[in-house]
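K.L.:
Here you go, one structure.
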Amino acid sequence: MKFLAARRRNPLVAIGLLLFALIAVGGGYAAIANVQPAQASVGSQTQVEEGKRLYLAGCSSCHGMEAQGTETGPTLIGVGAAAVNFQVATGRMPLAAPGAQAVPKDPTYTEEQIAALAAYVASLAPGPAIPTAEDLDFSDADVAQGGVLFRTNCAQCHQAAGQGGALTQGKYAPNLMGSTPQQIWEAMATGPQSMPVFSTATLPAGDKQAIMAYITNLQTASSPGGLDLGRLGPVTEGLFLFTAVFAALIAAAIWIGMKAR
Amino acid sequence: MTTTSPVEKAGASTATYVDQRLGSNKFLSRNLGKVFPDHWSFMLGEIALYSFIVVLLTGVYLTLFFKPSMVEVVYNGSYVPLKGIEMSEAYASTLNISFDVRGGMLIRQMHHWAALIFVASMSVHMFRVFFTGAFRKPREFNWIIGVVLVTLGLGAGFTGYSLPDDLLSGTGLQIIRGIVQSIPVIGTWGAFLLFGGEFPGTDIIPRLYSLHILVIPGLILAMVTLHLMMVFTQKHTQFPGPGRTNDNVVGYPLMPVYMAKAGGFFFIVFGIIALIGGLVTINPIWIFGPFTPDQVSAGSQPDWYIGFLEGALRMMPNWETNLAGFTLSWNILIPAVIMPGILFTALGAYPFIEAWVTGDKREHHLLDRPRNAPTRTGLGVMSISFYLLLFVGGGNDIIADAFDLSINGITWFLRIALFVIPPLMFVFTRRICLGLQRRDRDKLLHGYETGRVLRLPHGEFIEAHEPLSIKDMAVITSKTDIAPLPVPPKADIDGVKNKQFRKQNLRSKLSHFFYGENIPLPSAAEIEAGQAHVAHDAALEAPLASYEDADELRQFHGGVLHHPGMPETNAEQLADRKE
Ligand code: HEM
């Protein structure tokens with residue numbers, strides 16, 4: 001044992017171990033990743049050509065002529081149709097102004113144009129596809145299970161009630177109260193900006209549907225306790241306490257304290 | 001006239017029966033005639049009392065259904081989005097109270113809102129006592145009881161917040177564990193003791209429960225009783241005003257006026273709490289979900305009264321030192337243990353510190369106007385601004401999100417502001433107080449400025465001034481000017497060295513700091529001359545004169561007086577006075 005203990009301190013051994021760990025993790029990941037079917041729904045040839053035309057006109061200045069990426073925008077090779085649809089349909093792309101993160105706005109492109117752009121980017125390399133109607137059907141999903149998954153995977157950024165939250169350096173996780181099932185799926189599948197990718201390996205389709213069911217429930221459920229104060233918890237409760245409740249109490253005190261004439 | 005009804009007879013004989021056994025008549029006649037002064041700010045303590053009563057009543061109802069147990073169960077109640085989920089019995093029973101117990105949601109929300117109001121009203125009540133100097137001799141002990149009550153209130157609130165075992169309470173407990181662990185030497189052991197093993201374990205909620213429903217409310221009840229008894233025997237302080245001195249109490253008798261007012265106010269407080277309990281959500285635990293150590297929600301916050309500690313923790317840079325194998329976590333120790341320790345100790349000790357610095361040994365039953373104690377008022381505003389900045393820090397993520405700011409930017413701003421803004425607030429407040437004192441002095445010397453310009457018969461323009469009313473005169477002249485303690489001699493006349501010099505000198509310096517800047521009241525003669533002059537001006541503007549205060553004021557300086565809103569002409573006044 002003494003021999004082993006001595007060897008363990010050797011720097012070469014440490015490097016060897018590190019290499020081994022890297023290869024194990026990387027290899028393992030590659031193995032899992034390869035199991036997934038390539039999710040590329042390559043569109044028709046005309047659609048791809050139309051997409052390429054739009055891309056060169058509107059996106060290539062930042063993402064490069066071959067979508068290889070430039071100083072001002074990342075590569076789009078392999079991001080998949082889902083990423084394009086998410087970014088362009090929510091108006092994040094084309095990027096309006098540099099900032100902490102791309103801000104949603106009214107989409108610049110029509111649905112057909114977005115589909116064409118997506119088809120073009122998907123034709124470059126396989127990546128997460130736009131979800132099918134079947135993917136988005138969460139009618140059989142377990143809302144309660146979705147709640148558990150949401151609190152485990154999403155609440156640390158999006159807040160337990162999906163009201164959004166601040167991240168570091170002015171970045172933020174948006175409020176999810178207006179997100180459509182398709183956006184929710186695509187956000188999970190592509191991991192926009194600081195959001196991690198939730199691949200099929202980490203969250204299978206059934207789990208994604210459960211999460212969609214839970215978020216939809218959060219969006220539509222009435223508030224059983226009355227006025228919900230933005231569901232932000234103690235901060236807005238405290239604000240309400242001091243602005244409304246305490247003001248009423250003090251007003252009552254002043255009224256009672258007034259001299260009876 | 002003298003026929004007594006059977007009911008009255010029965011009443012009288014019952015009263016006699018009770019009196020013969022308790023001697024209560026003497027007690028009642030002695031105490032029910034007791035006089036209480038009236039001012040809205042004296043009701044803040046009452047809000048605290050009444051909200052505490054609501055907390056007690058609703059709390060008892062909650063105990064009938066709440067299960068303080070961390071045994072895992074599968075939820076099967078009527079809230080669908082949590083059906084079939086594993087959770088502790090504590091959380092499940094809170095869900096049941098909310099969704100399946102009749103009136104449970106209302107009572108739970110009333111309990112929580114009332115708890116927030118309880119702590120809030122205690123704090124504001126404390127501010128009132130501080131800024132008016134009501135803590136001075138002989139009421140120092142009652143001030144200390146108040147500080148203990150606030151501390152107990154925080155304890156009650158925190159233990160209650162932790163009971164439902166939802167994601168927020170668990171997050172709070174995790175922070176508490178970190179704080180206990182940060183205490184040098186005994187930390188790790190202490191955390192084990194508190195939680196009965198590893199976090200979260202199965203003991204903590206039952207333990208918090210007995211603290212929350214037995215120990216802390218019991219202590220609060222005892223302290224509140226003591227507090228009120230002391231108010232009763234020492235009599236309430238009063239604001240200065242005509243006829244009010246340090247030796248009398250001007251107000252309403254306890255029975256029936258004060259009792260009617262207080263009773264009515266109780267129902268108003270109760271009503272407001274019931275209203276918001278029924279209409280406004282508080283602590284929607286069903287959204288936060290059951291606590292599991294691997295989950296956390298963005299925007300996790302404690303209730304408002306713990307916010308300043310949360311803020312301190314968030315502001316603190318990440319400092320740690322390694323000492324002989326032990327890690328000293330300054331990043332937790334300073335904001336969560338040392339800072340509040342200093343804060344509360346200073347709070348409790350303040351009356352004694354001020355009395356020592358000022359050398360003031362008199363009894364005070366007449367309140368200070370905050371402007372007349374500029375240093376104290378400045379210190380108070382300084383401390384409140386410090387507290388508020390920490391409080392803002394506790395919500396830095398929500399603020400960043402709501403106003404599109406960078407969370408790191410807010411943190412850095414607050415780190416600097418915490419040391420810059422409170423001293424500035426001290427300086428500004430003291431300035432403002434002195435400015436107000438100066439204005440009071442002007443009023444004594446020149447009366448009120450009315451803003452009306454008069455043209456005198458010979459063509460001169462003057463601004464009309466009005467004399468002070470009796471009330472304002474009494475309020476303004478209630479100020480006492482006190483000279484700071486003199487600089488002590490280094491040695492006495494025989495050349496014997498003054499051994500106490502350093503202490504006395506420090507005290508004199510602090511006393512100068514406390515009293516040094518002051519706008520002294522004019523002398524009685526100056527006031528009289530000033531008011532007479534004003535009255536002369538006013539006479540030019542006649543025929544206006546006060547009739548309520550006229551006689552007294554005329555004696556005061558022989559002038560002719562007038563008042564806004566009073567009878568306009570001499571004829572009217574004469575008619576008035578004849579009645
Ligand atoms: C002394 C002042 C008290 C304060 C400040 C206070 C505060 C709180 C708070 C903030 C909660 C969290 C409840 C929620 O989120 O709904 C709570 C829960 C609770 N309190 Fe109190 N409380 C006090 C006294 C009492 C008393 C006297 C009782 C019982 C006799 C009581 C019984 C309960 C019970 C059973 C719960 C847990 C049930 C639940 O969360 O619905 N409390 N308390």
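Note on naming: chains are A, B, ... as they come in the structure tokens, residues start from 1 per chain, ligands start from 1 in the order shown.
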Check which residues fall inside 6 Å of ligand 1 when counting only C-alpha atoms and all ligand atoms, and print them as a PDB file with all heavy atoms, in the first residue's frame.
P.N.:
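As a result, pocket18.pdb now contains:
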ATOM      1  N   VAL B  55     -52.836  36.424  15.689  1.00  0.00           N
ATOM      2  CA  VAL B  55     -51.892  35.329  15.456  1.00  0.00           C
ATOM      3  C   VAL B  55     -52.185  34.174  16.408  1.00  0.00           C
ATOM      4  O   VAL B  55     -52.208  33.008  16.000  1.00  0.00           O
ATOM      5  CB  VAL B  55     -50.444  35.832  15.635  1.00  0.00           C
ATOM      6  CG1 VAL B  55     -49.496  34.672  15.793  1.00  0.00           C
ATOM      7  CG2 VAL B  55     -50.026  36.677  14.454  1.00  0.00           C
ATOM      8  N   LEU B  56     -52.421  34.476  17.666  1.00  0.00           N
ATOM      9  CA  LEU B  56     -52.697  33.418  18.647  1.00  0.00           C
ATOM     10  C   LEU B  56     -53.958  32.649  18.276  1.00  0.00           C
ATOM     11  O   LEU B  56     -53.963  31.418  18.249  1.00  0.00           O
ATOM     12  CB  LEU B  56     -52.863  34.020  20.041  1.00  0.00           C
ATOM     13  CG  LEU B  56     -51.603  34.442  20.774  1.00  0.00           C
ATOM     14  CD1 LEU B  56     -51.963  34.982  22.149  1.00  0.00           C
ATOM     15  CD2 LEU B  56     -50.643  33.280  20.936  1.00  0.00           C
ATOM     16  N   GLY B  59     -53.500  30.721  15.093  1.00  0.00           N
ATOM     17  CA  GLY B  59     -52.498  29.682  15.328  1.00  0.00           C
ATOM     18  C   GLY B  59     -53.105  28.470  16.000  1.00  0.00           C
ATOM     19  O   GLY B  59     -52.805  27.328  15.644  1.00  0.00           O
ATOM     20  N   VAL B  60     -53.994  28.704  16.955  1.00  0.00           N
ATOM     21  CA  VAL B  60     -54.624  27.580  17.637  1.00  0.00           C
ATOM     22  C   VAL B  60     -55.405  26.738  16.628  1.00  0.00           C
ATOM     23  O   VAL B  60     -55.321  25.507  16.619  1.00  0.00           O
ATOM     24  CB  VAL B  60     -55.545  28.075  18.770  1.00  0.00           C
ATOM     25  CG1 VAL B  60     -56.379  26.935  19.308  1.00  0.00           C
ATOM     26  CG2 VAL B  60     -54.713  28.691  19.872  1.00  0.00           C
ATOM     27  N   LEU B  62     -54.764  26.408  13.482  1.00  0.00           N
ATOM     28  CA  LEU B  62     -53.822  25.661  12.639  1.00  0.00           C
ATOM     29  C   LEU B  62     -53.299  24.416  13.348  1.00  0.00           C
ATOM     30  O   LEU B  62     -53.131  23.367  12.731  1.00  0.00           O
ATOM     31  CB  LEU B  62     -52.650  26.557  12.227  1.00  0.00           C
ATOM     32  CG  LEU B  62     -52.993  27.726  11.309  1.00  0.00           C
ATOM     33  CD1 LEU B  62     -51.755  28.560  11.028  1.00  0.00           C
ATOM     34  CD2 LEU B  62     -53.589  27.234  10.010  1.00  0.00           C
ATOM     35  N   THR B  63     -53.063  24.518  14.673  1.00  0.00           N
ATOM     36  CA  THR B  63     -52.524  23.349  15.386  1.00  0.00           C
ATOM     37  C   THR B  63     -53.485  22.172  15.321  1.00  0.00           C
ATOM     38  O   THR B  63     -53.073  21.030  15.469  1.00  0.00           O
ATOM     39  CB  THR B  63     -52.269  23.647  16.879  1.00  0.00           C
ATOM     40  OG1 THR B  63     -53.481  24.125  17.447  1.00  0.00           O
ATOM     41  CG2 THR B  63     -51.172  24.642  17.076  1.00  0.00           C
ATOM     42  N   PHE B  66     -52.388  20.798  11.671  1.00  0.00           N
ATOM     43  CA  PHE B  66     -51.003  20.700  11.226  1.00  0.00           C
ATOM     44  C   PHE B  66     -50.332  19.500  11.877  1.00  0.00           C
ATOM     45  O   PHE B  66     -50.526  19.241  13.061  1.00  0.00           O
ATOM     46  CB  PHE B  66     -50.253  21.982  11.583  1.00  0.00           C
ATOM     47  CG  PHE B  66     -48.824  21.978  11.151  1.00  0.00           C
ATOM     48  CD1 PHE B  66     -48.489  22.135   9.819  1.00  0.00           C
ATOM     49  CD2 PHE B  66     -47.807  21.810  12.084  1.00  0.00           C
ATOM     50  CE1 PHE B  66     -47.163  22.127   9.423  1.00  0.00           C
ATOM     51  CE2 PHE B  66     -46.477  21.802  11.684  1.00  0.00           C
ATOM     52  CZ  PHE B  66     -46.165  21.961  10.355  1.00  0.00           C
ATOM     53  N   THR B  94     -50.027  20.911   5.591  1.00  0.00           N
ATOM     54  CA  THR B  94     -50.242  22.326   5.254  1.00  0.00           C
ATOM     55  C   THR B  94     -51.055  22.452   3.969  1.00  0.00           C
ATOM     56  O   THR B  94     -51.911  23.333   3.841  1.00  0.00           O
ATOM     57  CB  THR B  94     -48.898  23.059   5.128  1.00  0.00           C
ATOM     58  OG1 THR B  94     -48.086  22.729   6.243  1.00  0.00           O
ATOM     59  CG2 THR B  94     -49.103  24.556   5.100  1.00  0.00           C
ATOM     60  N   ARG B 108     -54.974  30.240   7.549  1.00  0.00           N
ATOM     61  CA  ARG B 108     -53.526  30.189   7.325  1.00  0.00           C
ATOM     62  C   ARG B 108     -53.013  31.542   6.833  1.00  0.00           C
ATOM     63  O   ARG B 108     -52.004  32.054   7.314  1.00  0.00           O
ATOM     64  CB  ARG B 108     -53.226  29.141   6.255  1.00  0.00           C
ATOM     65  CG  ARG B 108     -52.136  28.170   6.635  1.00  0.00           C
ATOM     66  CD  ARG B 108     -51.656  27.401   5.428  1.00  0.00           C
ATOM     67  NE  ARG B 108     -50.381  27.950   5.022  1.00  0.00           N
ATOM     68  CZ  ARG B 108     -50.081  28.295   3.797  1.00  0.00           C
ATOM     69  NH1 ARG B 108     -50.935  28.132   2.819  1.00  0.00           N
ATOM     70  NH2 ARG B 108     -48.904  28.807   3.533  1.00  0.00           N
ATOM     71  N   GLN B 109     -53.729  32.097   5.885  1.00  0.00           N
ATOM     72  CA  GLN B 109     -53.266  33.380   5.339  1.00  0.00           C
ATOM     73  C   GLN B 109     -53.409  34.491   6.367  1.00  0.00           C
ATOM     74  O   GLN B 109     -52.547  35.371   6.459  1.00  0.00           O
ATOM     75  CB  GLN B 109     -54.006  33.693   4.037  1.00  0.00           C
ATOM     76  CG  GLN B 109     -53.710  32.652   2.977  1.00  0.00           C
ATOM     77  CD  GLN B 109     -54.016  33.070   1.550  1.00  0.00           C
ATOM     78  OE1 GLN B 109     -53.304  32.696   0.647  1.00  0.00           O
ATOM     79  NE2 GLN B 109     -55.065  33.832   1.330  1.00  0.00           N
ATOM     80  N   HIS B 112     -50.451  34.192   8.734  1.00  0.00           N
ATOM     81  CA  HIS B 112     -49.187  34.671   8.188  1.00  0.00           C
ATOM     82  C   HIS B 112     -49.187  36.195   8.025  1.00  0.00           C
ATOM     83  O   HIS B 112     -48.226  36.867   8.402  1.00  0.00           O
ATOM     84  CB  HIS B 112     -48.912  33.980   6.849  1.00  0.00           C
ATOM     85  CG  HIS B 112     -47.460  33.937   6.493  1.00  0.00           C
ATOM     86  ND1 HIS B 112     -46.852  32.843   5.949  1.00  0.00           N
ATOM     87  CD2 HIS B 112     -46.494  34.874   6.605  1.00  0.00           C
ATOM     88  CE1 HIS B 112     -45.574  33.111   5.733  1.00  0.00           C
ATOM     89  NE2 HIS B 112     -45.324  34.340   6.126  1.00  0.00           N
ATOM     90  N   ALA B 115     -48.837  37.745  11.337  1.00  0.00           N
ATOM     91  CA  ALA B 115     -47.465  37.638  11.843  1.00  0.00           C
ATOM     92  C   ALA B 115     -46.592  38.739  11.245  1.00  0.00           C
ATOM     93  O   ALA B 115     -45.798  39.377  11.949  1.00  0.00           O
ATOM     94  CB  ALA B 115     -46.895  36.257  11.510  1.00  0.00           C
ATOM     95  N   GLY B 153     -40.139  38.101  18.219  1.00  0.00           N
ATOM     96  CA  GLY B 153     -41.010  38.161  17.044  1.00  0.00           C
ATOM     97  C   GLY B 153     -40.296  37.591  15.821  1.00  0.00           C
ATOM     98  O   GLY B 153     -40.877  36.820  15.057  1.00  0.00           O
ATOM     99  N   ALA B 156     -40.234  33.861  16.296  1.00  0.00           N
ATOM    100  CA  ALA B 156     -41.540  33.256  16.032  1.00  0.00           C
ATOM    101  C   ALA B 156     -41.783  33.170  14.538  1.00  0.00           C
ATOM    102  O   ALA B 156     -42.212  32.142  14.015  1.00  0.00           O
ATOM    103  CB  ALA B 156     -42.643  34.079  16.689  1.00  0.00           C
ATOM    104  N   GLY B 157     -41.489  34.275  13.862  1.00  0.00           N
ATOM    105  CA  GLY B 157     -41.716  34.301  12.423  1.00  0.00           C
ATOM    106  C   GLY B 157     -40.845  33.281  11.714  1.00  0.00           C
ATOM    107  O   GLY B 157     -41.316  32.527  10.868  1.00  0.00           O
ATOM    108  N   GLY B 160     -41.979  29.742  12.312  1.00  0.00           N
ATOM    109  CA  GLY B 160     -43.227  29.483  11.613  1.00  0.00           C
ATOM    110  C   GLY B 160     -43.017  29.293  10.121  1.00  0.00           C
ATOM    111  O   GLY B 160     -43.567  28.378   9.512  1.00  0.00           O
ATOM    112  N   TYR B 161     -42.176  30.139   9.560  1.00  0.00           N
ATOM    113  CA  TYR B 161     -41.857  30.094   8.130  1.00  0.00           C
ATOM    114  C   TYR B 161     -41.245  28.739   7.772  1.00  0.00           C
ATOM    115  O   TYR B 161     -41.392  28.250   6.662  1.00  0.00           O
ATOM    116  CB  TYR B 161     -40.880  31.237   7.870  1.00  0.00           C
ATOM    117  CG  TYR B 161     -40.336  31.427   6.488  1.00  0.00           C
ATOM    118  CD1 TYR B 161     -40.997  32.251   5.590  1.00  0.00           C
ATOM    119  CD2 TYR B 161     -39.144  30.851   6.105  1.00  0.00           C
ATOM    120  CE1 TYR B 161     -40.478  32.476   4.329  1.00  0.00           C
ATOM    121  CE2 TYR B 161     -38.620  31.057   4.847  1.00  0.00           C
ATOM    122  CZ  TYR B 161     -39.285  31.873   3.958  1.00  0.00           C
ATOM    123  OH  TYR B 161     -38.764  32.096   2.714  1.00  0.00           O
ATOM    124  N   LEU B 163     -41.936  25.824   9.289  1.00  0.00           N
ATOM    125  CA  LEU B 163     -42.763  24.665   9.596  1.00  0.00           C
ATOM    126  C   LEU B 163     -43.345  23.950   8.374  1.00  0.00           C
ATOM    127  O   LEU B 163     -43.334  22.723   8.346  1.00  0.00           O
ATOM    128  CB  LEU B 163     -43.910  25.067  10.540  1.00  0.00           C
ATOM    129  CG  LEU B 163     -43.504  25.315  11.998  1.00  0.00           C
ATOM    130  CD1 LEU B 163     -44.737  25.649  12.822  1.00  0.00           C
ATOM    131  CD2 LEU B 163     -42.806  24.101  12.578  1.00  0.00           C
ATOM    132  N   PRO B 164     -43.916  24.671   7.383  1.00  0.00           N
ATOM    133  CA  PRO B 164     -44.607  23.935   6.320  1.00  0.00           C
ATOM    134  C   PRO B 164     -43.694  23.036   5.489  1.00  0.00           C
ATOM    135  O   PRO B 164     -44.185  22.249   4.701  1.00  0.00           O
ATOM    136  CB  PRO B 164     -45.212  25.044   5.450  1.00  0.00           C
ATOM    137  CG  PRO B 164     -45.220  26.256   6.285  1.00  0.00           C
ATOM    138  CD  PRO B 164     -44.066  26.125   7.207  1.00  0.00           C
ATOM    139  N   HIS B 212     -42.160  27.045  18.252  1.00  0.00           N
ATOM    140  CA  HIS B 212     -43.063  27.986  17.600  1.00  0.00           C
ATOM    141  C   HIS B 212     -44.406  28.112  18.305  1.00  0.00           C
ATOM    142  O   HIS B 212     -44.982  29.197  18.346  1.00  0.00           O
ATOM    143  CB  HIS B 212     -43.286  27.584  16.147  1.00  0.00           C
ATOM    144  CG  HIS B 212     -44.166  28.530  15.400  1.00  0.00           C
ATOM    145  ND1 HIS B 212     -43.719  29.752  14.953  1.00  0.00           N
ATOM    146  CD2 HIS B 212     -45.470  28.476  15.056  1.00  0.00           C
ATOM    147  CE1 HIS B 212     -44.706  30.383  14.354  1.00  0.00           C
ATOM    148  NE2 HIS B 212     -45.792  29.635  14.414  1.00  0.00           N
ATOM    149  N   ILE B 213     -44.942  27.008  18.803  1.00  0.00           N
ATOM    150  CA  ILE B 213     -46.291  27.147  19.355  1.00  0.00           C
ATOM    151  C   ILE B 213     -46.284  27.208  20.876  1.00  0.00           C
ATOM    152  O   ILE B 213     -47.288  27.536  21.476  1.00  0.00           O
ATOM    153  CB  ILE B 213     -47.248  26.026  18.897  1.00  0.00           C
ATOM    154  CG1 ILE B 213     -46.880  24.704  19.555  1.00  0.00           C
ATOM    155  CG2 ILE B 213     -47.266  25.899  17.399  1.00  0.00           C
ATOM    156  CD1 ILE B 213     -48.055  23.778  19.571  1.00  0.00           C
ATOM    157  N   PRO B 217     -44.271  31.777  21.835  1.00  0.00           N
ATOM    158  CA  PRO B 217     -45.494  32.527  22.174  1.00  0.00           C
ATOM    159  C   PRO B 217     -45.638  32.726  23.678  1.00  0.00           C
ATOM    160  O   PRO B 217     -46.085  33.782  24.126  1.00  0.00           O
ATOM    161  CB  PRO B 217     -46.624  31.654  21.629  1.00  0.00           C
ATOM    162  CG  PRO B 217     -46.002  30.763  20.652  1.00  0.00           C
ATOM    163  CD  PRO B 217     -44.581  30.571  21.052  1.00  0.00           C
ATOM    164  N   ASN B 283     -47.476  33.353   0.917  1.00  0.00           N
ATOM    165  CA  ASN B 283     -46.755  32.095   0.987  1.00  0.00           C
ATOM    166  C   ASN B 283     -47.486  30.955   0.289  1.00  0.00           C
ATOM    167  O   ASN B 283     -47.931  30.006   0.939  1.00  0.00           O
ATOM    168  CB  ASN B 283     -46.502  31.735   2.457  1.00  0.00           C
ATOM    169  CG  ASN B 283     -45.354  30.772   2.606  1.00  0.00           C
ATOM    170  OD1 ASN B 283     -44.589  30.573   1.671  1.00  0.00           O
ATOM    171  ND2 ASN B 283     -45.236  30.149   3.761  1.00  0.00           N
TER     172      ASN B 283
END
K.L.:
Applying 10 Å and only C-alpha atoms, which residues near A:Pro224 remain after dropping the ones on its own chain fewer than 4 positions away? List them as a list in words.
P.N.:
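Once the adjacent positions are removed, what remains is Asp228 of chain A; Tyr79, Ser98, Phe99, Met105, Leu279, Val280, Thr281, Pro284 and Trp286 of chain B.
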K.L.:
Select from stretch 44-113 of chain A everything DSSP, run on the backbone, classes as helix (DSSP H, G or I), then give the selection as number ranges by chain.
P.N.:
A: 45-58, 60-63, 80-89, 111-113
K.L.:
Please dump the current selection as a compact mmCIF listing (two decimals), in the first residue's frame; keep N, CA, C and O atoms.
P.N.:
# COMPACT_ATOMS: atom_id res chain seq x y z
N GLN A 45 -35.69 20.74 -51.36
CA GLN A 45 -34.55 21.46 -51.92
C GLN A 45 -34.86 22.95 -52.12
O GLN A 45 -34.05 23.80 -51.79
N THR A 46 -36.08 23.26 -52.61
CA THR A 46 -36.41 24.66 -52.86
C THR A 46 -36.44 25.44 -51.56
O THR A 46 -36.00 26.59 -51.47
N GLN A 47 -36.96 24.78 -50.51
CA GLN A 47 -37.03 25.45 -49.22
C GLN A 47 -35.62 25.79 -48.73
O GLN A 47 -35.36 26.89 -48.25
N VAL A 48 -34.72 24.82 -48.89
CA VAL A 48 -33.36 25.04 -48.43
C VAL A 48 -32.73 26.21 -49.19
O VAL A 48 -32.06 27.06 -48.60
N GLU A 49 -33.01 26.27 -50.51
CA GLU A 49 -32.41 27.35 -51.30
C GLU A 49 -32.96 28.71 -50.90
O GLU A 49 -32.22 29.69 -50.76
N GLU A 50 -34.27 28.73 -50.69
CA GLU A 50 -34.89 29.97 -50.23
C GLU A 50 -34.28 30.37 -48.89
O GLU A 50 -33.93 31.54 -48.66
N GLY A 51 -34.10 29.39 -48.01
CA GLY A 51 -33.52 29.64 -46.69
C GLY A 51 -32.11 30.20 -46.83
O GLY A 51 -31.74 31.15 -46.14
N LYS A 52 -31.34 29.63 -47.72
CA LYS A 52 -29.97 30.09 -47.88
C LYS A 52 -29.95 31.55 -48.32
O LYS A 52 -29.15 32.36 -47.83
N ARG A 53 -30.89 31.88 -49.24
CA ARG A 53 -30.96 33.24 -49.74
C ARG A 53 -31.25 34.21 -48.57
O ARG A 53 -30.56 35.22 -48.37
N LEU A 54 -32.26 33.85 -47.76
CA LEU A 54 -32.60 34.68 -46.61
C LEU A 54 -31.43 34.79 -45.64
O LEU A 54 -31.13 35.84 -45.08
N TYR A 55 -30.79 33.65 -45.45
CA TYR A 55 -29.67 33.60 -44.50
C TYR A 55 -28.57 34.56 -44.93
O TYR A 55 -28.07 35.36 -44.13
N LEU A 56 -28.20 34.48 -46.22
CA LEU A 56 -27.10 35.32 -46.69
C LEU A 56 -27.46 36.79 -46.54
O LEU A 56 -26.63 37.62 -46.18
N ALA A 57 -28.73 37.11 -46.75
CA ALA A 57 -29.13 38.51 -46.67
C ALA A 57 -29.20 39.00 -45.23
O ALA A 57 -28.75 40.10 -44.91
N GLY A 58 -29.73 38.16 -44.33
CA GLY A 58 -30.05 38.68 -43.00
C GLY A 58 -29.17 38.21 -41.88
O GLY A 58 -29.14 38.81 -40.81
N SER A 60 -25.83 36.36 -42.35
CA SER A 60 -24.44 36.00 -42.59
C SER A 60 -23.46 37.04 -42.06
O SER A 60 -22.31 36.73 -41.78
N SER A 61 -23.91 38.28 -41.92
CA SER A 61 -22.99 39.31 -41.44
C SER A 61 -22.43 38.94 -40.07
O SER A 61 -21.30 39.28 -39.75
N CYS A 62 -23.21 38.26 -39.28
CA CYS A 62 -22.72 37.88 -37.95
C CYS A 62 -22.30 36.41 -37.90
O CYS A 62 -21.34 36.06 -37.23
N HIS A 63 -23.08 35.55 -38.58
CA HIS A 63 -22.83 34.11 -38.42
C HIS A 63 -21.92 33.56 -39.51
O HIS A 63 -21.60 32.38 -39.48
N GLY A 80 -29.25 23.05 -35.43
CA GLY A 80 -30.52 22.41 -35.74
C GLY A 80 -31.63 23.39 -36.05
O GLY A 80 -31.57 24.58 -35.74
N ALA A 81 -32.69 22.83 -36.66
CA ALA A 81 -33.85 23.64 -37.05
C ALA A 81 -34.55 24.21 -35.83
O ALA A 81 -35.08 25.32 -35.86
N ALA A 82 -34.54 23.46 -34.71
CA ALA A 82 -35.25 23.91 -33.51
C ALA A 82 -34.65 25.22 -33.00
O ALA A 82 -35.38 26.14 -32.62
N ALA A 83 -33.31 25.31 -33.03
CA ALA A 83 -32.66 26.54 -32.54
C ALA A 83 -33.07 27.73 -33.40
O ALA A 83 -33.40 28.80 -32.90
N VAL A 84 -33.06 27.53 -34.72
CA VAL A 84 -33.40 28.63 -35.62
C VAL A 84 -34.84 29.05 -35.37
O VAL A 84 -35.15 30.24 -35.23
N ASN A 85 -35.72 28.07 -35.32
CA ASN A 85 -37.12 28.40 -35.12
C ASN A 85 -37.31 29.17 -33.81
O ASN A 85 -37.99 30.20 -33.75
N PHE A 86 -36.68 28.67 -32.74
CA PHE A 86 -36.82 29.35 -31.44
C PHE A 86 -36.30 30.78 -31.51
O PHE A 86 -36.98 31.73 -31.12
N GLN A 87 -35.09 30.93 -32.06
CA GLN A 87 -34.45 32.26 -32.03
C GLN A 87 -35.17 33.26 -32.93
O GLN A 87 -35.32 34.43 -32.56
N VAL A 88 -35.62 32.78 -34.10
CA VAL A 88 -36.20 33.73 -35.05
C VAL A 88 -37.69 33.96 -34.74
O VAL A 88 -38.18 35.08 -34.82
N ALA A 89 -38.40 32.90 -34.34
CA ALA A 89 -39.84 33.05 -34.10
C ALA A 89 -40.11 33.90 -32.85
O ALA A 89 -41.13 34.56 -32.75
N GLU A 111 -43.76 33.00 -41.09
CA GLU A 111 -43.62 31.60 -40.72
C GLU A 111 -42.89 30.80 -41.80
O GLU A 111 -42.02 29.98 -41.52
N GLU A 112 -43.29 31.06 -43.07
CA GLU A 112 -42.65 30.30 -44.16
C GLU A 112 -41.16 30.62 -44.25
O GLU A 112 -40.33 29.75 -44.43
N GLN A 113 -40.85 31.91 -44.08
CA GLN A 113 -39.43 32.28 -44.15
C GLN A 113 -38.64 31.62 -43.03
O GLN A 113 -37.52 31.16 -43.21
K.L.:
As a PyMOL selection string, please: the residues near B:Ser93 (cut-off 8 Å, only C-alpha atoms, same-chain neighbours under 3 positions excluded).
P.N.:
chain B and resi 65-67+89-90+96-97
K.L.:
Set the distance at 12 Å and use only C-alpha atoms: which residues neighbour B:Thr225 once local chain neighbours fewer than 5 positions away are removed? I'd like the list as a VMD selection string.
P.N.:
chain B and resid 49 142 145 to 146 149 218 to 220 230 to 232
